[in-house]
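Worksheet for the structure shown next.
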Amino acid sequence: MELQKFYYDNKIVKMFAYATLFWGIVGMLVGVLIASQMVFPALNFNFAYTTFGRVRPVHTNAIIFAFVGNGIFTGYYYSLQRLLKTGMASNWMTRFHFWGWQTIIVLAAVTLLAGFTTGKEYAELEWPIDIMIAVVWVVFGWNMMWTILKRRVKHIYVAIWFYIATFVTVAVLHIGNSIEIPWSFLKSYPVYAGVQDALVQWWYGHNAVAFFLTTPYLGLMYYFMPKAANRPVYSYKLSVIHFWALIFLYIWAGPHHLLYQSVPNWAQSLGTVFSIMLIAPSWGGMINGLLTLRGAWDKVREEPVLKFFVVAVTAYGMSTFEGPMLSLKSINAISHFTNWTVGHVHIGALGWNGFLTFGMIYWLFPKMFNTKLYSVKLANLHFWMGTLAILFYSIPLYWAGWTEASMFKQFNDAGELVYPNFLEIVSQIMPMYYMRIFGGTLYFLGAILMVYNIAKTVKAGSFVAMEAAEAPALEKEGGMKPGEGFHRFLERRPVQFMILSIIAILIGGLVEIVPTYLIKSNIPTISSVKPYTPLELQGRDIYIKEGCYNCHSQMIRPFRSETERYGEYSKAGEYVYDHPFQWGSKRTGPDLWREGVKTGKNYKPDAWHYRHFMNPQELNATSLMPKYSWLADVEIDIASTPKKIRVMQTLGVPYPEGYDLIANDDLKAQAEAIAAGLKADGIEVGSNKQVIALIAYMQRLGTDISGSTTTSENK
Amino acid sequence: MSNTEDKNLHHGEPEIDELTNDRYLGGHEYDGIRELDNKLPQWWLYLFYVTIIFSLVYLVGYHLADWWPLQEKEYNNEMAAVADIKKATPQIEVDLENMMPLTAEADLTAGKVTYDKICVTCHGKFGEGLVGPNMTDMYWIHGDSTNNKVTIKELYNVVITGVIEKGMISYKDQLSPVQIQQVLSFILTLQGTNPANQKAPQGRKYDTFG
């Protein structure tokens with residue numbers, strides 16, 4: 001067989017690796033900033049662009065899509081070419097992928113800080129950027145599949161199975177969750193509302209964890225772990241079983257983010273059981289990773305790369321056990337909306353994704369630069385700093401989560417809440433917030449050390465942009481051969497492999513989401529629920545813009561401890577006009593769903609809201625809420641009202657025909673009434689200011705059903 | 001899978017890994033990475049089966065057999081149990097007709113605790129008034145103007161009914177009668193304390209309190 005000469009493109013690997021380091025540092029630094037804002041509200045700087053609600057999405061997006069995203073592509077371009085014995089199919093596509101992705105990241109940071117957000121976690125980017133992501137992603141996947149088709153290796157290796165599953169699933173999730181109707185160049189409303197929006201969003205959100213933070217990294221693990229240890233993979237059979245089980249089961253687990261909330265019970269139960277069934281398939285990956293090191297444990301002592309990998313895979317095993325446990329109703333009742341969840345995700349982010357990336361970087365640079373790592377000592381120091389950092393980060397947050405939950409739920413003998421004031425609970429967990437800053441900072445400093453170490457390594461080495469290699473061409477082979485086994489056959493049929501993956505990942509989502517459209521009883525309608533007034537709608541958009549959902553939920557669960565604290569529990573039918581839903585996932589501050597109910601426990605007058613937005617610490621000295629004083633200066637964008645009303649009508653919100661033309665009259669009348677009320681209380685503020693709209697929205701929250709209506713049980 | 005194609009492609013005999021004594025899979029080599037022919041670990045397989053059985057039992061138990069309550073029923077059960085507790089522990093009665101401010105140190109301390117928890121957010125840390133009126137001056141909105149007196153009984157009714165048009169909610173579900181009496185007693189001790197940043201007087205001036 002004649003050998004063919006070809007080249008591996010190391011340049012693209014290097015570009016993505018630099019981007020990984022750069023955005024990693026940025027993302028971690030922003031993380032330290034927002035962790036500090038939760039202790040020192042002054043660090044919000046009383047400036048819209050630097051306020052927590054806008055900056056926190058920058059942190060999450062930077063870590064997930066910029067740091068981990070570029071990390072995926074780094075390892076993927078390096079391993080894919082070598083596993084297939086070919087260069088990339090298209091050079092311009094790899095470049096387009098790189099620059100397209102970096103452009104998206106920059107645009108994401110700018111638009112999020114400017115307040116352009118969909119208000120859906122980890123999917124905050126607005127519609128023009130959504131389209132760019134789809135295009136860049138498809139180009140990346142096309143190039144990958146094309147490269148796979150022109151490979152010189154008969155079978156595709158398990159790492160590539162994971163890459164294929166990642167490509168198709170992320171495409172489906174991203175497009176599915178981003179269907180929205182624009183009302184301006186940078187703003188849109190999602191087509192889904194309330195319960196459906198929640199189910200679609202967490203189908204996406206959960207599987208962004210699965211198919212952006214997990215499957216591609218399992219692929220990287222399957223390449224870099226055996227390479228770095230120079231050991232064979234423990235079990236091919238396990239690879240096959242855990243791969244298919246994982247991608248099929250993962251998709252179903254989304255509703256575990258919505259336990260005890262206003263989604264149908266059957267969907268919640270599916271979320272729970274599929275999470276439990278995920279334990280073994282997830283651990284299959286961990287086992288295959290750790291047992292690959294059998295016979296090489298002595299190397300782990302000396303080689304920082306392997307140390308990082310071992311902790312990464314162990315963190316993966318811990319997270320994927322903890323996740324299913326948090327999906328049990330009894331545990332979720334405690335953990336949800338608290339800092340426990342934040343601790344949990346950071347075991348995954350800092351441990352699994354972070355450490356696997358670090359190990360990969362330390363392994364790749366000396367390889368690509370034909371030199372040794374500048375300092376193994378520094379890399380070991382980084383390892384220990386990072387490991388301690390994970391402990392200092394997560395243990396306090398677990399502690400905080402427990403503390404919050406036990407204080408939230410504590411009643412005295414007379415049947416009253418022992419801690420009715422939310423702030424008492426906040427004050428109690430302040431020491432944990434301090435410790436978390438320390439942990440985060442330590443992790444960040446470790447990463448800085450890595451950048452230094454890598455810079456020194458780069459300086460000492462000489463980079464080979466195009467690495468020469470040779471291999472014989474692939475012989476054409478026909479159908480399945482006797483004794484070949486179906487999966488082995490599938491491994492040389494990448495297109496069929498891809499189609500089977502798509503089928504596997506579509507089933508769960510379809511079963512869980514489609515019935516909520518088709519079966520009426522899933523979301524019982526409540527006749528008293530009416531669309532938002534134009535002013536409230538504008539206020540709602542300000543609520544979304546300022547990222548209030550990052551700290552406040554709008555979802556009261558059916559627990560005595562919540563109905564005593566916040567009022568009547570939430571009903572599915574109350575949210576039918578909420579495009580997007582704003583249920584939230586964390587309560588740094590209290591739930592707001594019954595904020596407007598005058599007979600409720602949390603009602604506050606307009607003047608209180610005004611003063612609270614201007615300076616929360618004036619009313620509650622220990623409050624962590626940022627000031628929103630610009631809301632009294634910036635005007636409501638009333639020019640957008642007709643367009644918003646029309647888009648809402650398109651989405652089925654029953655505003656009367658032609659209402660778009662007169663909506664602003666109603667808006668002004670309502671705004672003037674609020675401003676006049678404030679004036680009577682000695683507050684002078686123009687009725688055209690944003691704060692007026694936000695107050696109107698606050699006072700509307702949860703008021704559509706009166707008292708203890710229980711007409712709409714979630715079936 | 002270990003089949004003839006794999007075994008015989010590159011290696012006549014199955015090759016054994018020296019460090020672990022495990023068998024290699026023939027033909028499985030990717031950029032130098034090889035794969036072993038190990039079976040699925042038994043304990044892993046059993047774990048998987050157990051989770052599948054758990055799931056079936058869970059779905060049957062919640063949705064078909066009604067062994068465990070779904071969330072609405074669970075909530076109703078929880079609240080029913082509370083109603084029983086509340087019935088069993090009757091609240092201490094207060095004599096509203098002849099209510100007088102409490103003076104015992106313990107009562108005033110308890111009143112301050114309630115004040116710091118609830119009232120402070122609208123009436124200020126020292127009662128100086130914020131969104132709600134100043135409680136340290138002699139000007140009151142709710143009082144008995146014919147007798148030129150602000151009584152704890154009248155303030156008690158304000159706390160029970162609320163002044164919703166001004167933004168004060170009713171606290172009858174959050175505070176027991178004794179707690180209300182305690183906090184009002186504490187508030188009346190603030191008269192004339194003259195704290196900083198006082199809100200301008202509201203209502204009319206009264207001369208007697210209690």
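Going by the structure tokens order, chains are called A, B, ..., each with residues numbered from 1, while ligands are numbered from 1 in the order shown.
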
Which residues, written as a PyMOL selection string, have at least one atom at most 9 Å from stretch 499-512 of chain A, with only C-alpha atoms counted and residues fewer than 3 positions away on the same chain left out?
chain A and resi 161+164-165+168-169+172+199-200+203+244+247-255+266-267+270+494-496+515-516

Would you save the residues from that selection as a CSV table (one decimal), in the first residue's frame, using N, CA and C atoms?
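Result went into again15.csv, see below:
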chain,number,residue,atom,x,y,z
A,161,TRP,N,-17.0,9.7,18.3
A,161,TRP,CA,-18.4,9.5,18.5
A,161,TRP,C,-19.0,10.6,19.4
A,164,ILE,N,-19.3,13.8,17.4
A,164,ILE,CA,-20.4,13.8,16.5
A,164,ILE,C,-21.7,14.1,17.3
A,165,ALA,N,-21.8,13.4,18.4
A,165,ALA,CA,-23.0,13.6,19.2
A,165,ALA,C,-23.1,15.1,19.7
A,168,VAL,N,-24.3,17.4,16.6
A,168,VAL,CA,-25.7,17.4,16.2
A,168,VAL,C,-26.6,17.9,17.4
A,169,THR,N,-26.3,17.5,18.6
A,169,THR,CA,-27.2,17.9,19.7
A,169,THR,C,-27.2,19.3,20.0
A,172,VAL,N,-29.3,21.1,17.5
A,172,VAL,CA,-30.7,21.0,17.8
A,172,VAL,C,-31.1,21.8,19.0
A,199,LEU,N,-40.0,24.5,30.0
A,199,LEU,CA,-39.6,23.2,29.6
A,199,LEU,C,-38.5,23.2,28.5
A,200,VAL,N,-38.8,24.1,27.5
A,200,VAL,CA,-37.8,24.2,26.4
A,200,VAL,C,-36.5,24.7,26.9
A,203,TRP,N,-34.8,22.0,28.9
A,203,TRP,CA,-34.3,21.0,28.0
A,203,TRP,C,-33.0,21.5,27.4
A,244,TRP,N,-23.9,5.3,24.2
A,244,TRP,CA,-25.3,5.4,23.7
A,244,TRP,C,-26.3,5.6,24.8
A,247,ILE,N,-26.1,9.5,25.8
A,247,ILE,CA,-26.7,10.5,24.9
A,247,ILE,C,-28.2,10.3,24.9
A,248,PHE,N,-28.7,9.0,25.0
A,248,PHE,CA,-30.1,8.8,24.9
A,248,PHE,C,-30.8,9.3,26.2
A,249,LEU,N,-30.2,9.0,27.4
A,249,LEU,CA,-30.9,9.3,28.6
A,249,LEU,C,-30.8,10.8,29.0
A,250,TYR,N,-29.6,11.4,28.6
A,250,TYR,CA,-29.4,12.8,29.1
A,250,TYR,C,-30.5,13.7,28.7
A,251,ILE,N,-31.0,13.6,27.5
A,251,ILE,CA,-32.0,14.5,27.0
A,251,ILE,C,-33.2,14.6,27.8
A,252,TRP,N,-33.6,13.5,28.5
A,252,TRP,CA,-34.8,13.5,29.2
A,252,TRP,C,-34.8,14.2,30.6
A,253,ALA,N,-33.6,14.5,31.0
A,253,ALA,CA,-33.4,14.9,32.4
A,253,ALA,C,-33.7,16.3,32.7
A,254,GLY,N,-34.0,17.1,31.7
A,254,GLY,CA,-34.2,18.6,31.8
A,254,GLY,C,-35.1,19.0,32.9
A,255,PRO,N,-36.3,18.4,33.0
A,255,PRO,CA,-37.3,18.8,34.0
A,255,PRO,C,-36.9,18.7,35.5
A,266,TRP,N,-46.1,14.6,35.6
A,266,TRP,CA,-45.5,13.5,34.8
A,266,TRP,C,-44.1,13.9,34.2
A,267,ALA,N,-44.0,15.2,33.8
A,267,ALA,CA,-42.8,15.7,33.2
A,267,ALA,C,-41.7,15.7,34.3
A,270,LEU,N,-40.4,12.2,35.0
A,270,LEU,CA,-39.5,11.8,33.9
A,270,LEU,C,-38.1,12.4,34.2
A,494,PRO,N,-19.8,6.9,9.3
A,494,PRO,CA,-20.0,8.0,10.1
A,494,PRO,C,-21.3,8.7,9.9
A,495,VAL,N,-21.8,8.7,8.7
A,495,VAL,CA,-23.1,9.4,8.4
A,495,VAL,C,-24.2,8.7,9.1
A,496,GLN,N,-24.2,7.4,8.9
A,496,GLN,CA,-25.3,6.6,9.6
A,496,GLN,C,-25.1,6.8,11.2
A,515,PRO,N,-46.4,17.1,24.3
A,515,PRO,CA,-47.7,17.0,24.9
A,515,PRO,C,-48.2,18.3,25.6
A,516,THR,N,-47.3,19.1,26.0
A,516,THR,CA,-47.8,20.3,26.7
A,516,THR,C,-48.5,21.3,25.7

Contact check, chain B to chain A, at most 7 Å, counting only C-alpha atoms, closest pairs as JSON lines:
{"residue": "B:Met1", "atom": "CA", "partner": "A:Lys237", "partner_atom": "CA", "distance": 6.6}
{"residue": "B:Asn3", "atom": "CA", "partner": "A:Gly483", "partner_atom": "CA", "distance": 6.0}
{"residue": "B:Thr4", "atom": "CA", "partner": "A:Gly483", "partner_atom": "CA", "distance": 6.2}
{"residue": "B:Glu5", "atom": "CA", "partner": "A:Glu484", "partner_atom": "CA", "distance": 5.9}
{"residue": "B:Leu19", "atom": "CA", "partner": "A:Gly295", "partner_atom": "CA", "distance": 5.4}
{"residue": "B:Thr20", "atom": "CA", "partner": "A:Gly295", "partner_atom": "CA", "distance": 6.6}
{"residue": "B:Tyr30", "atom": "CA", "partner": "A:Leu83", "partner_atom": "CA", "distance": 5.4}
{"residue": "B:Asp31", "atom": "CA", "partner": "A:Leu83", "partner_atom": "CA", "distance": 5.3}
{"residue": "B:Ile33", "atom": "CA", "partner": "A:Pro232", "partner_atom": "CA", "distance": 5.9}
{"residue": "B:Arg34", "atom": "CA", "partner": "A:Pro232", "partner_atom": "CA", "distance": 4.7}
{"residue": "B:Glu35", "atom": "CA", "partner": "A:Val233", "partner_atom": "CA", "distance": 4.7}
{"residue": "B:Leu36", "atom": "CA", "partner": "A:Ser235", "partner_atom": "CA", "distance": 5.2}
{"residue": "B:Asp37", "atom": "CA", "partner": "A:Ser235", "partner_atom": "CA", "distance": 5.8}
{"residue": "B:Asn38", "atom": "CA", "partner": "A:Ser235", "partner_atom": "CA", "distance": 4.9}
{"residue": "B:Lys39", "atom": "CA", "partner": "A:Lys237", "partner_atom": "CA", "distance": 6.4}
{"residue": "B:Leu40", "atom": "CA", "partner": "A:Leu238", "partner_atom": "CA", "distance": 5.5}
{"residue": "B:Trp44", "atom": "CA", "partner": "A:Ala280", "partner_atom": "CA", "distance": 6.4}
{"residue": "B:Leu47", "atom": "CA", "partner": "A:Ala280", "partner_atom": "CA", "distance": 6.3}
{"residue": "B:Phe48", "atom": "CA", "partner": "A:Ala280", "partner_atom": "CA", "distance": 5.2}
{"residue": "B:Thr51", "atom": "CA", "partner": "A:Met277", "partner_atom": "CA", "distance": 5.1}
{"residue": "B:Ile52", "atom": "CA", "partner": "A:Met277", "partner_atom": "CA", "distance": 6.0}
{"residue": "B:Ser55", "atom": "CA", "partner": "A:Val273", "partner_atom": "CA", "distance": 4.9}
{"residue": "B:Leu59", "atom": "CA", "partner": "A:Ser269", "partner_atom": "CA", "distance": 6.8}
{"residue": "B:Gln71", "atom": "CA", "partner": "A:Tyr260", "partner_atom": "CA", "distance": 6.4}
{"residue": "B:Glu72", "atom": "CA", "partner": "A:Pro558", "partner_atom": "CA", "distance": 6.8}
{"residue": "B:Tyr75", "atom": "CA", "partner": "A:Pro558", "partner_atom": "CA", "distance": 5.7}
{"residue": "B:Glu78", "atom": "CA", "partner": "A:Arg560", "partner_atom": "CA", "distance": 6.9}
{"residue": "B:Met79", "atom": "CA", "partner": "A:Arg560", "partner_atom": "CA", "distance": 6.6}
{"residue": "B:Lys86", "atom": "CA", "partner": "A:Gly415", "partner_atom": "CA", "distance": 6.6}
{"residue": "B:Thr89", "atom": "CA", "partner": "A:Ala414", "partner_atom": "CA", "distance": 6.9}
{"residue": "B:Lys117", "atom": "CA", "partner": "A:Asn421", "partner_atom": "CA", "distance": 6.0}
{"residue": "B:Thr121", "atom": "CA", "partner": "A:Leu619", "partner_atom": "CA", "distance": 5.1}
{"residue": "B:Cys122", "atom": "CA", "partner": "A:Leu619", "partner_atom": "CA", "distance": 6.7}
{"residue": "B:Val131", "atom": "CA", "partner": "A:Trp608", "partner_atom": "CA", "distance": 5.8}
{"residue": "B:Ile164", "atom": "CA", "partner": "A:Lys598", "partner_atom": "CA", "distance": 6.9}
{"residue": "B:Lys166", "atom": "CA", "partner": "A:Pro605", "partner_atom": "CA", "distance": 6.6}
{"residue": "B:Gly167", "atom": "CA", "partner": "A:Pro605", "partner_atom": "CA", "distance": 4.1}
{"residue": "B:Ile169", "atom": "CA", "partner": "A:Tyr603", "partner_atom": "CA", "distance": 6.7}

Please write the residues from the selection above to a file, keeping C-alpha atoms, as a compact mmCIF listing (two decimals), in the first residue's frame.
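The resulting part-v1.txt:
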# COMPACT_ATOMS: atom_id res chain seq x y z
CA MET B 1 -16.48 -6.31 20.14
CA ASN B 3 -14.85 -11.03 17.08
CA THR B 4 -12.85 -12.81 14.44
CA GLU B 5 -12.42 -9.77 12.23
CA LEU B 19 0.96 -4.55 33.16
CA THR B 20 -2.61 -5.69 33.70
CA TYR B 30 -6.02 5.11 16.86
CA ASP B 31 -3.02 7.41 16.82
CA ILE B 33 -4.25 4.56 21.47
CA ARG B 34 -5.28 0.95 21.91
CA GLU B 35 -8.31 -0.57 23.54
CA LEU B 36 -8.62 -3.50 25.92
CA ASP B 37 -11.17 -6.24 25.59
CA ASN B 38 -12.48 -5.95 29.16
CA LYS B 39 -16.08 -6.77 29.96
CA LEU B 40 -18.43 -4.30 31.59
CA TRP B 44 -21.45 -1.15 37.21
CA LEU B 47 -25.89 -0.34 39.42
CA PHE B 48 -27.44 0.41 36.05
CA THR B 51 -31.46 2.55 38.74
CA ILE B 52 -33.76 1.22 36.01
CA SER B 55 -37.27 4.33 37.91
CA LEU B 59 -43.23 6.01 38.00
CA GLN B 71 -47.07 17.79 44.92
CA GLU B 72 -50.54 19.35 45.32
CA TYR B 75 -49.00 20.37 50.09
CA GLU B 78 -48.71 19.43 55.01
CA MET B 79 -51.17 22.27 55.58
CA LYS B 86 -52.49 25.36 65.46
CA THR B 89 -51.87 25.34 70.68
CA LYS B 117 -37.26 42.37 61.65
CA THR B 121 -37.67 48.64 56.43
CA CYS B 122 -40.31 51.43 56.20
CA VAL B 131 -41.29 55.51 53.52
CA ILE B 164 -53.03 49.44 52.35
CA LYS B 166 -50.39 53.96 52.03
CA GLY B 167 -48.60 50.67 51.55
CA ILE B 169 -50.02 45.62 54.91

What separates atom CA of A:His257 and atom CA of A:Cys551 is a distance of 16.1 Å

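Counting from atom CA of A:Asn61, the distance to atom CA of A:Ala108 is 8.1 Å.
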
What's around A:Val26 at 9 Å? Count only C-alpha atoms, leave out sequence neighbours fewer than 6 positions away in its own chain, and write the answer as a PyMOL selection string.
chain A and resi 59+62-63+67

So how far away is atom CA of A:Tyr49 from atom CA of A:Asn664, in Å?
28.2 Å

Residues at most 10 Å from A:Trp583, counting only C-alpha atoms, excluding those fewer than 4 positions away in the same chain, as a PDB file with C-alpha atoms, in the first residue's frame?
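For reference, out_8.pdb as written:
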ATOM      1  CA  LYS A 120     -33.049  32.801  29.549  1.00  0.00           C
ATOM      2  CA  GLY A 194     -44.613  30.169  30.693  1.00  0.00           C
ATOM      3  CA  VAL A 195     -44.581  26.420  31.245  1.00  0.00           C
ATOM      4  CA  ALA A 198     -39.580  26.679  31.039  1.00  0.00           C
ATOM      5  CA  LEU A 258     -38.335  22.372  37.550  1.00  0.00           C
ATOM      6  CA  GLN A 261     -42.729  23.988  40.136  1.00  0.00           C
ATOM      7  CA  SER A 262     -45.722  24.686  37.914  1.00  0.00           C
ATOM      8  CA  TYR A 549     -33.895  36.867  37.297  1.00  0.00           C
ATOM      9  CA  ASN A 550     -30.286  36.227  38.268  1.00  0.00           C
ATOM     10  CA  HIS A 552     -34.974  36.692  42.190  1.00  0.00           C
ATOM     11  CA  SER A 553     -37.334  33.866  41.372  1.00  0.00           C
ATOM     12  CA  GLN A 554     -40.959  34.185  40.288  1.00  0.00           C
ATOM     13  CA  MET A 555     -41.996  30.712  41.310  1.00  0.00           C
ATOM     14  CA  ILE A 556     -43.550  29.844  44.651  1.00  0.00           C
ATOM     15  CA  TYR A 575     -47.750  32.344  33.219  1.00  0.00           C
ATOM     16  CA  ASP A 578     -44.885  35.316  29.959  1.00  0.00           C
ATOM     17  CA  ASP A 591     -39.145  35.427  45.435  1.00  0.00           C
ATOM     18  CA  LEU A 592     -41.205  38.146  43.777  1.00  0.00           C
ATOM     19  CA  TRP A 593     -44.157  36.276  42.327  1.00  0.00           C
TER      20      TRP A 593
END

Show me, as a compact mmCIF listing (two decimals) with N, CA and C atoms, in the first residue's frame, the residues that have an atom within 12 Å of stretch 159-163 of chain B when counting only C-alpha atoms, minus same-chain residues fewer than 3 positions from it.
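Generated file (part12.txt):
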# COMPACT_ATOMS: atom_id res chain seq x y z
N LYS A 598 -51.89 42.91 47.25
CA LYS A 598 -52.02 43.87 48.35
C LYS A 598 -52.38 43.22 49.66
N THR A 599 -53.05 42.08 49.60
CA THR A 599 -53.38 41.40 50.85
C THR A 599 -52.28 40.40 51.23
N GLY A 600 -51.21 40.42 50.47
CA GLY A 600 -50.16 39.43 50.68
C GLY A 600 -49.16 39.87 51.73
N LYS A 601 -48.10 39.07 51.86
CA LYS A 601 -47.14 39.31 52.94
C LYS A 601 -46.01 40.23 52.51
N TYR A 603 -46.27 42.84 50.10
CA TYR A 603 -46.64 44.04 49.36
C TYR A 603 -45.88 45.26 49.88
N LYS A 604 -45.41 46.07 48.94
CA LYS A 604 -44.74 47.31 49.31
C LYS A 604 -45.36 48.44 48.50
N PRO A 605 -45.48 49.63 49.09
CA PRO A 605 -46.05 50.75 48.31
C PRO A 605 -45.09 51.20 47.20
N LEU B 96 -57.97 43.42 74.51
CA LEU B 96 -57.84 44.59 73.65
C LEU B 96 -58.50 45.81 74.29
N ILE B 118 -39.20 43.65 61.02
CA ILE B 118 -40.29 43.99 60.12
C ILE B 118 -40.43 45.50 59.88
N CYS B 119 -40.54 46.28 60.95
CA CYS B 119 -40.94 47.68 60.82
C CYS B 119 -39.84 48.54 60.22
N GLY B 132 -42.45 55.06 55.56
CA GLY B 132 -43.51 55.21 56.56
C GLY B 132 -43.23 56.40 57.46
N ILE B 141 -50.73 60.07 62.68
CA ILE B 141 -51.84 60.05 61.72
C ILE B 141 -53.05 59.36 62.37
N HIS B 142 -52.78 58.33 63.15
CA HIS B 142 -53.86 57.57 63.77
C HIS B 142 -53.88 57.86 65.27
N ILE B 152 -52.47 52.69 72.50
CA ILE B 152 -51.93 51.44 71.94
C ILE B 152 -53.05 50.65 71.26
N LYS B 153 -54.26 50.80 71.75
CA LYS B 153 -55.40 50.08 71.18
C LYS B 153 -55.62 50.51 69.72
N GLU B 154 -55.52 51.82 69.48
CA GLU B 154 -55.71 52.29 68.10
C GLU B 154 -54.58 51.82 67.19
N LEU B 155 -53.37 51.89 67.71
CA LEU B 155 -52.23 51.44 66.89
C LEU B 155 -52.34 49.94 66.61
N TYR B 156 -52.87 49.22 67.61
CA TYR B 156 -53.07 47.78 67.43
C TYR B 156 -53.97 47.52 66.22
N LYS B 166 -51.69 53.33 51.79
CA LYS B 166 -50.39 53.96 52.03
C LYS B 166 -49.26 52.94 51.93
N GLY B 167 -49.63 51.68 51.75
CA GLY B 167 -48.60 50.67 51.55
C GLY B 167 -48.31 49.82 52.76
N MET B 168 -49.03 50.06 53.87
CA MET B 168 -48.79 49.20 55.03
C MET B 168 -49.75 48.02 55.00
N ILE B 169 -49.17 46.80 54.99
CA ILE B 169 -50.02 45.62 54.91
C ILE B 169 -50.52 45.25 56.30
N SER B 170 -51.46 44.34 56.34
CA SER B 170 -51.94 43.80 57.61
C SER B 170 -50.94 42.77 58.11
N TYR B 171 -50.67 42.83 59.42
CA TYR B 171 -49.71 41.86 59.99
C TYR B 171 -50.40 40.81 60.85
N LYS B 172 -51.71 40.67 60.67
CA LYS B 172 -52.41 39.77 61.59
C LYS B 172 -52.01 38.31 61.39
N ASP B 173 -51.50 37.98 60.20
CA ASP B 173 -51.07 36.59 59.98
C ASP B 173 -49.60 36.37 60.33
N GLN B 174 -48.89 37.44 60.46
CA GLN B 174 -47.44 37.28 60.69
C GLN B 174 -47.06 37.47 62.14
N LEU B 175 -47.87 38.22 62.88
CA LEU B 175 -47.52 38.51 64.27
C LEU B 175 -48.67 38.08 65.18
N SER B 176 -48.30 37.53 66.31
CA SER B 176 -49.33 37.15 67.28
C SER B 176 -49.77 38.41 68.03
N PRO B 177 -50.95 38.39 68.65
CA PRO B 177 -51.41 39.57 69.39
C PRO B 177 -50.38 40.06 70.40
N GLN B 179 -47.16 39.67 70.30
CA GLN B 179 -46.02 40.30 69.60
C GLN B 179 -46.37 41.72 69.16
N ILE B 180 -47.61 41.90 68.72
CA ILE B 180 -48.02 43.25 68.29
C ILE B 180 -48.00 44.19 69.50
N GLN B 181 -48.51 43.70 70.61
CA GLN B 181 -48.52 44.55 71.81
C GLN B 181 -47.08 44.91 72.21
N VAL B 183 -44.37 45.05 70.25
CA VAL B 183 -43.68 45.95 69.33
C VAL B 183 -44.25 47.36 69.47
N LEU B 184 -45.55 47.47 69.70
CA LEU B 184 -46.13 48.81 69.87
C LEU B 184 -45.63 49.46 71.16

What lies within 7 Å of B:Met135 using only C-alpha atoms, ignoring chain neighbours under 6 positions off, as a list of chain:residue names?
B:Gly127, B:Glu128, B:Gly129, B:Leu190, B:Gln191

Write the residues of the selection above to a file with C-alpha atoms, as a short mmCIF file (atom, residue, chain, number, x, y, z; two decimals), in the first residue's frame.
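Everything below was put into result-v3.cif:
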data_model
loop_
_atom_site.label_atom_id
_atom_site.label_comp_id
_atom_site.auth_asym_id
_atom_site.auth_seq_id
_atom_site.Cartn_x
_atom_site.Cartn_y
_atom_site.Cartn_z
CA GLY B 127 -38.08 55.08 64.08
CA GLU B 128 -37.08 58.29 62.32
CA GLY B 129 -39.41 57.49 59.39
CA LEU B 190 -39.21 55.97 70.97
CA GLN B 191 -41.18 59.15 71.63
#

Residues near A:Leu364, anyone? I mean within 12 Å using only C-alpha atoms, not counting same-chain ones fewer than 2 positions away, as a ChimeraX atom specification.
/A:10,13-14,16-18,71,74-79,223-224,227-228,305,357-362,366-373,454,457-458,463

Taking the DSSP secondary structure from the backbone, can you list the residues of stretch 25-200 of chain B that are helix (DSSP H, G or I), as a ChimeraX atom specification?
/B:42-64,71-88,105-123,152-161,164-166,177-188
